[in-house]
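These notes concern the structure reproduced below.
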Amino acid sequence: MAPWTNWAGTETAEPERVVAPHDVREIVEEIERARTRGRTVKMMGTGHSFTGISAPVDTMVRPDHLAGIVAVDRDAMTVTVRAGTPLHVLNEQLTVLGLSLHNMGDIAEQTLAGATSTGTHGTGGRVASLSAQIEGFTIISGQGEEITVSRAGASDLFAVGRVGLGALGILTELTVKVEPLFALEAHEQPMTWDTALAAYDELTSDHDHVDLYWFPHTEHALAKVYDRRTDLDGIRPLGRWKHWLDDELLSNTLFGLITTLGTRAPGAVPVLNGLSGRALSERRFSDIAHRVFTATRRVRFKEMEYAVPREVGLEALREVRRVIDASTWRIGFPVEVRTTPADDIALSTASGRESMYLAFHVPTGADHTDYFTGVEDVLRHFEGRPHWGKMHTRTAGELSALYPRFGEFLAVRDALDPDRVFTNPYLRSVLGD
Ligand SMILES: Cc1cc2nc3c(=O)[nH]c(=O)nc-3n(C[C@H](O)[C@H](O)[C@H](O)COP(=O)(O)OP(=O)(O)OC[C@H]3O[C@@H](n4cnc5c(N)ncnc54)[C@H](O)[C@@H]3O)c2cc1C
């Protein structure tokens with residue numbers, strides 16, 4: 001059987017069985033087959049998690065035939081979508097319908113269920129993660145039972161299952177909130193570290209979405225600020241040439257070359273970061289929201305991201321910088337800073353607290369260990385919660401202390417998957433069995 005590998009190449013697996021079911025009946029058959037043999041089933045997204053959360057052990061279930069919009073409710077402003085629908089496909093279909101998701105992360109390759117199962121988030125003080133946009137879902141449990149829950153039903157499963165880590169069952173359909181198609185007015189501004197940190201609170205309160213990047217070993221930062229607009233007639237998308245120059249040549253091809261150079265000659269990284277930082281220029285454009293939120297990422301990397309309470313976020317960032325400055329590490333990727341409001345999902349990284357997300361990257365060829373564990377030590381002191389889909393070293397003992405509702409999640413898991421049909425080594429490590 002062809003070995004499986006995730007997007008970053010950090011996880012590989014050789015599942016003994018690979019299937020691509022078309023409907024609920026075929027999914028139930030696979031679950032029954034595995035359960036009666038004491039085997040496991042892993043429902044796949046697109047493998048864009050950096051952790052082993054999506055690594056299959058025995059049966060690997062592919063989402064290929066589980067895509068598409070099932071229903072549109074314009075009164076409730078929701079759409080019901082098959083769980084394996086890739087986000088970029090969903091975005092295009094919603095655009096044709098004159099609709100839009102409320103918020104997005106920075107790529108659209110993931111499936112809807114894969115993205116929401118790890119709590120995938122974007123940025124902005126007013127709109128929470130994709131998981132928080134879920135109004136209901138249908139899931140097949142470890143005993144092959146099909147269960148549908150909704151916000152109105154207020155069940156334990158709805159309370160925890162919107163960030164289910166793939167541990168509770170196989171999602172077949174999700175109902176998510178949408179809004180009329182809108183656009184974003186983008187303003188990207190190079191700044192110094194000092195200006196960016198001094199302006200950060202005002203930027204996040206004055207604007208809908210703020211994505212801040214700091215280039216380690218330099219004073220360079222870049223603030224990407226997006227504001228919502230509903231009049232689509234006057235939008236000014238980037239021209240094809242400018243789009244190719246900025247997003248393809250500079251952000252992918254040239255950045256890829258710089259990254260390779262930095263991996264081969266780490267001593268050159270501060271100079272290269274300085275050049276990258278100086279090469280940034282101010283730009284303004286506007287476009288349909290998902291085209292602004294997301295970009296193509298051709299340079300492969302490894303990533304760790306932590307959510308810390310919003311009120312200590314800037315202090316945590318300053319402390320991270322202090323540790324980087326004092327180290328011998330050579331970090332060629334910018335540190336990314338985002339914010340989200342609190343949500344009410346048990347294992348969401350923003351559960352019960354407004355959050356600031358700090359993300360750290362290294363090229364796939366580089367050793368991440370010292371950098372990631374060094375930063376992790378800092379963020380531990382700020383009660384940081386690691387993104388479930390991004391690299392970290394935390395295990396159930398520590399994680400349970402970070403999530404007041406951890407036990408609630410485990411109780412639902414025990415009820416839905418007592419035989420642990422959906423487990424894998426990552427889930428055993430973060431959930432404790
Ligand atoms: C380049 C890149 C950019 C990224 N940007 C962001 C970002 O901006 N914000 C952010 O928060 N994250 C981001 N991520 C992380 C990514 O969004 C998450 O790791 C996401 O979970 C990946 O989705 P996937 O479809 O690939 O799912 P996978 O990684 O394949 O699976 C993730 C989990 O979902 C489960 N799952 C999948 N389908 C189902 C189903 N039908 N039923 C039940 N469980 C299911 C799997 O079993 C697994 O447990 C990024 C990752 C990459 C590689």
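Residues in the structure tokens are named by chain (A, B, ... in the order shown) and by number from 1 within that chain; ligands are numbered from 1 in the order shown.
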DSSP helix (DSSP H, G or I) selection over region 24-189 of chain A, as an mmCIF file with N, CA and C atoms, in the first residue's frame:
```cif
data_model
loop_
_atom_site.group_PDB
_atom_site.id
_atom_site.type_symbol
_atom_site.label_atom_id
_atom_site.label_comp_id
_atom_site.auth_asym_id
_atom_site.auth_seq_id
_atom_site.Cartn_x
_atom_site.Cartn_y
_atom_site.Cartn_z
ATOM 1 N N VAL A 24 -23.235 7.130 3.826
ATOM 2 C CA VAL A 24 -23.237 6.736 5.238
ATOM 3 C C VAL A 24 -23.137 5.220 5.377
ATOM 4 N N ARG A 25 -23.863 4.489 4.519
ATOM 5 C CA ARG A 25 -23.857 3.025 4.642
ATOM 6 C C ARG A 25 -22.417 2.481 4.518
ATOM 7 N N GLU A 26 -21.684 2.992 3.552
ATOM 8 C CA GLU A 26 -20.312 2.493 3.356
ATOM 9 C C GLU A 26 -19.397 2.904 4.512
ATOM 10 N N ILE A 27 -19.667 4.071 5.093
ATOM 11 C CA ILE A 27 -18.861 4.499 6.251
ATOM 12 C C ILE A 27 -19.136 3.572 7.436
ATOM 13 N N VAL A 28 -20.429 3.301 7.671
ATOM 14 C CA VAL A 28 -20.803 2.428 8.795
ATOM 15 C C VAL A 28 -20.166 1.048 8.616
ATOM 16 N N GLU A 29 -20.153 0.537 7.397
ATOM 17 C CA GLU A 29 -19.536 -0.775 7.126
ATOM 18 C C GLU A 29 -18.061 -0.786 7.534
ATOM 19 N N GLU A 30 -17.369 0.304 7.211
ATOM 20 C CA GLU A 30 -15.938 0.362 7.559
ATOM 21 C C GLU A 30 -15.738 0.398 9.070
ATOM 22 N N ILE A 31 -16.600 1.157 9.750
ATOM 23 C CA ILE A 31 -16.474 1.254 11.206
ATOM 24 C C ILE A 31 -16.740 -0.125 11.833
ATOM 25 N N GLU A 32 -17.789 -0.785 11.364
ATOM 26 C CA GLU A 32 -18.148 -2.114 11.891
ATOM 27 C C GLU A 32 -17.025 -3.115 11.631
ATOM 28 N N ARG A 33 -16.509 -3.056 10.434
ATOM 29 C CA ARG A 33 -15.431 -3.978 10.030
ATOM 30 C C ARG A 33 -14.232 -3.825 10.973
ATOM 31 N N ALA A 34 -13.858 -2.547 11.223
ATOM 32 C CA ALA A 34 -12.692 -2.282 12.076
ATOM 33 C C ALA A 34 -13.002 -2.674 13.527
ATOM 34 N N ARG A 35 -14.177 -2.304 14.007
ATOM 35 C CA ARG A 35 -14.510 -2.548 15.426
ATOM 36 C C ARG A 35 -14.508 -4.042 15.730
ATOM 37 N N THR A 36 -15.099 -4.840 14.852
ATOM 38 C CA THR A 36 -15.183 -6.278 15.134
ATOM 39 C C THR A 36 -13.803 -6.950 15.039
ATOM 40 N N ARG A 37 -12.860 -6.307 14.368
ATOM 41 C CA ARG A 37 -11.507 -6.888 14.260
ATOM 42 C C ARG A 37 -10.538 -6.246 15.250
ATOM 43 N N GLY A 52 0.579 14.444 14.135
ATOM 44 C CA GLY A 52 0.110 13.126 13.701
ATOM 45 C C GLY A 52 -1.385 12.946 13.894
ATOM 46 N N ILE A 53 -2.122 14.026 14.083
ATOM 47 C CA ILE A 53 -3.564 13.891 14.349
ATOM 48 C C ILE A 53 -4.278 13.173 13.211
ATOM 49 N N SER A 54 -3.792 13.348 11.979
ATOM 50 C CA SER A 54 -4.497 12.710 10.866
ATOM 51 C C SER A 54 -3.786 11.452 10.364
ATOM 52 N N LEU A 87 -12.273 23.500 1.342
ATOM 53 C CA LEU A 87 -12.724 24.873 1.577
ATOM 54 C C LEU A 87 -12.681 25.719 0.305
ATOM 55 N N HIS A 88 -11.688 25.477 -0.562
ATOM 56 C CA HIS A 88 -11.626 26.313 -1.782
ATOM 57 C C HIS A 88 -12.801 26.011 -2.700
ATOM 58 N N VAL A 89 -13.255 24.761 -2.689
ATOM 59 C CA VAL A 89 -14.436 24.402 -3.494
ATOM 60 C C VAL A 89 -15.671 25.051 -2.879
ATOM 61 N N LEU A 90 -15.775 24.970 -1.554
ATOM 62 C CA LEU A 90 -16.914 25.582 -0.859
ATOM 63 C C LEU A 90 -16.957 27.090 -1.124
ATOM 64 N N ASN A 91 -15.808 27.732 -1.043
ATOM 65 C CA ASN A 91 -15.765 29.188 -1.273
ATOM 66 C C ASN A 91 -16.269 29.552 -2.666
ATOM 67 N N GLU A 92 -15.830 28.783 -3.669
ATOM 68 C CA GLU A 92 -16.257 29.093 -5.040
ATOM 69 C C GLU A 92 -17.758 28.871 -5.188
ATOM 70 N N GLN A 93 -18.273 27.781 -4.588
ATOM 71 C CA GLN A 93 -19.712 27.495 -4.719
ATOM 72 C C GLN A 93 -20.535 28.542 -3.972
ATOM 73 N N LEU A 94 -20.052 28.969 -2.820
ATOM 74 C CA LEU A 94 -20.771 30.004 -2.063
ATOM 75 C C LEU A 94 -20.768 31.323 -2.831
ATOM 76 N N THR A 95 -19.652 31.635 -3.480
ATOM 77 C CA THR A 95 -19.569 32.890 -4.246
ATOM 78 C C THR A 95 -20.642 32.921 -5.331
ATOM 79 N N VAL A 96 -20.807 31.794 -6.015
ATOM 80 C CA VAL A 96 -21.842 31.718 -7.066
ATOM 81 C C VAL A 96 -23.230 31.948 -6.463
ATOM 82 N N LEU A 112 -13.678 20.890 5.039
ATOM 83 C CA LEU A 112 -14.416 21.599 6.087
ATOM 84 C C LEU A 112 -14.314 20.840 7.417
ATOM 85 N N ALA A 113 -14.505 19.514 7.374
ATOM 86 C CA ALA A 113 -14.449 18.745 8.634
ATOM 87 C C ALA A 113 -13.036 18.701 9.192
ATOM 88 N N GLY A 114 -12.044 18.575 8.315
ATOM 89 C CA GLY A 114 -10.652 18.540 8.780
ATOM 90 C C GLY A 114 -10.283 19.852 9.457
ATOM 91 N N ALA A 115 -10.665 20.963 8.828
ATOM 92 C CA ALA A 115 -10.318 22.281 9.384
ATOM 93 C C ALA A 115 -11.006 22.488 10.731
ATOM 94 N N THR A 116 -12.299 22.202 10.803
ATOM 95 C CA THR A 116 -13.022 22.491 12.052
ATOM 96 C C THR A 116 -12.620 21.521 13.161
ATOM 97 N N SER A 117 -12.214 20.311 12.809
ATOM 98 C CA SER A 117 -11.889 19.316 13.843
ATOM 99 C C SER A 117 -10.677 19.705 14.679
ATOM 100 N N SER A 131 -14.818 26.612 13.414
ATOM 101 C CA SER A 131 -15.572 25.681 14.265
ATOM 102 C C SER A 131 -16.725 26.397 14.952
ATOM 103 N N ALA A 132 -16.474 27.656 15.339
ATOM 104 C CA ALA A 132 -17.507 28.415 16.051
ATOM 105 C C ALA A 132 -18.642 28.827 15.115
ATOM 106 N N GLN A 133 -18.448 28.645 13.810
ATOM 107 C CA GLN A 133 -19.524 28.968 12.848
ATOM 108 C C GLN A 133 -20.450 27.774 12.624
ATOM 109 N N ASP A 156 -24.695 17.671 24.818
ATOM 110 C CA ASP A 156 -23.273 17.598 25.192
ATOM 111 C C ASP A 156 -22.405 17.440 23.944
ATOM 112 N N LEU A 157 -22.920 16.641 23.003
ATOM 113 C CA LEU A 157 -22.141 16.388 21.788
ATOM 114 C C LEU A 157 -21.948 17.685 20.991
ATOM 115 N N PHE A 158 -22.996 18.515 20.877
ATOM 116 C CA PHE A 158 -22.824 19.785 20.164
ATOM 117 C C PHE A 158 -21.803 20.666 20.899
ATOM 118 N N ALA A 159 -21.866 20.620 22.238
ATOM 119 C CA ALA A 159 -20.973 21.481 23.039
ATOM 120 C C ALA A 159 -19.506 21.145 22.810
ATOM 121 N N VAL A 160 -19.189 19.870 22.571
ATOM 122 C CA VAL A 160 -17.765 19.514 22.422
ATOM 123 C C VAL A 160 -17.384 19.155 20.984
ATOM 124 N N GLY A 161 -18.361 18.705 20.174
ATOM 125 C CA GLY A 161 -18.036 18.060 18.895
ATOM 126 C C GLY A 161 -17.621 18.985 17.780
#
```
Give me the region 114-142 of chain A side of the contact with region 300-322 of chain A, cut-off 12 Å, one line per residue showing its nearest atom pair and distance in Å at one decimal, counting only C-alpha atoms, sorted by chain and residue number, as CSV.
```
residue,atom,partner,partner_atom,distance
A:Gly119,CA,A:Ala307,CA,11.3
A:Thr120,CA,A:Glu305,CA,11.1
A:His121,CA,A:Ala307,CA,10.7
A:Thr123,CA,A:Ala307,CA,11.9
A:Gly124,CA,A:Arg310,CA,11.8
A:Gly125,CA,A:Arg310,CA,10.0
```
Selected residues written out with N, CA and C atoms, as a compact mmCIF listing (two decimals), in the first residue's frame:
```
# COMPACT_ATOMS: atom_id res chain seq x y z
N GLY A 119 -9.96 23.08 15.11
CA GLY A 119 -10.17 24.46 15.55
C GLY A 119 -9.50 25.50 14.67
N THR A 120 -9.43 25.24 13.38
CA THR A 120 -8.76 26.19 12.47
C THR A 120 -9.40 27.58 12.57
N HIS A 121 -8.54 28.59 12.70
CA HIS A 121 -9.00 29.96 12.95
C HIS A 121 -8.36 30.92 11.97
N THR A 123 -8.19 35.49 11.76
CA THR A 123 -7.85 36.56 12.69
C THR A 123 -8.97 37.59 12.71
N GLY A 124 -9.09 38.32 13.81
CA GLY A 124 -10.11 39.35 13.92
C GLY A 124 -10.84 39.26 15.24
N GLY A 125 -11.00 40.41 15.87
CA GLY A 125 -11.60 40.43 17.20
C GLY A 125 -13.08 40.14 17.23
```
Next item on the list: Residues within 7 Å of ligand 1, counting only C-alpha atoms and all ligand atoms: report them as an NGL selection string.
Entry: :A and (7-8 or 42-50 or 53-54 or 83-84 or 105-107 or 110-122 or 164-167 or 169-172 or 297 or 389-390)
Notebook entry, point to check: Got a sec to tell me which of region 283-429 of chain A DSSP assigns to strand (DSSP E), as number ranges by chain?
Noted result: A: 283-288, 301-309, 335-340, 355-363, 385-386
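Near Val79 (chain A), within 8 Å and counting only C-alpha atoms, sit Ile69, Val70, Ala71, Val72, Asp73, Met77, Val81, Thr175, Val176, Lys177 and Val178 of chain A, not including residues fewer than 2 positions from it in the same chain.
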Item checked: Test item: residues at most 10 Å from Glu282 (chain A), only C-alpha atoms, excluding those fewer than 4 positions along its chain, as a ChimeraX atom specification -> /A:187-191,222-224
Write a file of the selected residues as a CSV table (one decimal), in the first residue's frame, keeping C-alpha atoms.
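Below is the file that was written, out.csv:
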```
chain,number,residue,atom,x,y,z
A,187,HIS,CA,-4.0,47.6,3.6
A,188,GLU,CA,-0.5,46.0,4.1
A,189,GLN,CA,1.9,48.3,6.0
A,190,PRO,CA,5.6,47.7,6.8
A,191,MET,CA,6.3,48.9,10.3
A,222,LEU,CA,4.4,43.9,8.5
A,223,ALA,CA,0.8,44.5,9.5
A,224,LYS,CA,-1.9,43.2,7.1
```
Margin query: Please list as a PyMOL selection string every residue within 10 Å of Pro270 (chain A), counting only C-alpha atoms and excluding residues in the same chain fewer than 2 positions away.
Written below: chain A and resi 215-218+262+266-268+272-276+330-332
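Reported to one decimal place, the separation of CA of Ile324 (chain A) from CA of Tyr357 (chain A) is 17.4 Å.
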Note to self: Can you measure CA of Glu202 (chain A) to CA of Thr340 (chain A) for me? One decimal in Å is fine.
What the structure shows: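 Computing the Euclidean distance for CA of Glu202 (chain A) and CA of Thr340 (chain A) yields 15.0 Å.
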Check: If we count only C-alpha atoms, what is near Tyr403 (chain A) at a cut-off of 9 Å, once residues fewer than 6 positions away on the same chain are taken out, given as a ChimeraX atom specification?
Finding: /A:346-349,351,385
Next item on the list: Enter the distance from CA of Ala279 (chain A) to CA of His220 (chain A), in Å, rounded to one decimal.
Entry: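 Computing the Euclidean distance for CA of Ala279 (chain A) and CA of His220 (chain A) yields 10.2 Å.
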Note to self: Which residues are close to Trp214 (chain A), i.e. within 9 Å by only C-alpha atoms, leaving aside same-chain residues fewer than 3 positions away? Reply as a list in words.
What the structure shows: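 Selected residues are Thr192, Trp193, Ala196, Thr218, Glu219, His220, Ala221, Leu222, Ala223, Gly277, Phe333, Pro334, Val335, Glu336 and Val337 of chain A.
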Check: Which is closest to Phe409 (chain A) among A:Ile345, A:Ala152, A:Val292, A:Leu174, if we use only C-alpha atoms?
Finding: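 Smallest separation from Phe409 (chain A) among the options: A:Ile345.
In terms of minimum interatomic distance to Ile147 (chain A), A:Leu168 ranks closest within A:Ile235, A:Val163, A:Leu168, A:Leu427, counting only C-alpha atoms.
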Next item on the list: Would you please work out which residue, of A:Ser155, A:Asn103, A:Thr339, A:Thr12, is nearest to Arg228 (chain A) when using only C-alpha atoms?
Entry: A:Asn103
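Of the residues under consideration (A:Leu358, A:Leu410, A:Val271, A:Ala401), A:Leu358 shows the shortest atom-to-atom contact distance to His387 (chain A) when counting only C-alpha atoms.
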